[in-house]
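Working notes, beginning with the structure itself.
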Amino acid sequence: MLKVIVWVVGIAVVLFFTGGFMLSNSPEGQEKQRMRDAIALCWKDQGRKSLDPSTSRLAAGACEMMERRFVEKYGREP
């Protein structure tokens, strides 16, 4: 009986990871990742110390807008 439970759990784990891998390679999954990467790059650029305060605020507004669009499109935080 224990062997059956181990096999069922093992198969469930494999299916879970296979499904996640397939979803991340779908066109929508790739678009989500591109948007996440763009948002991360935006915040990285905004955090540069060489920016003057007004440029930093402008960049922060752009990053926040990108995050809002992501949430509107996908219903969750990037």
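Letters A, B, ... mark the chains of the structure tokens in the order given; residue numbers begin at 1 per chain; ligand numbers begin at 1, in order shown.
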Subject >> Secondary structure check, helix (DSSP H, G or I) residues of segment 13-78 of chain A, as a VMD selection string >> reply: chain A and resid 13 to 24 27 to 46 53 to 74
Report as a tab-separated table: every residue of segment 32-59 of chain A with an atom at most 9 Å from segment 65-75 of chain A, its closest pair of atoms, and their distance in Å to one decimal, counting only C-alpha atoms, with rows sorted by chain and ascending residue number.
```
residue	atom	partner	partner_atom	distance
A:Lys32	CA	A:Phe70	CA	8.1
A:Met35	CA	A:Phe70	CA	7.4
A:Arg36	CA	A:Phe70	CA	8.3
A:Ala38	CA	A:Met66	CA	8.4
A:Ile39	CA	A:Met66	CA	6.4
A:Cys42	CA	A:Met66	CA	8.9
```
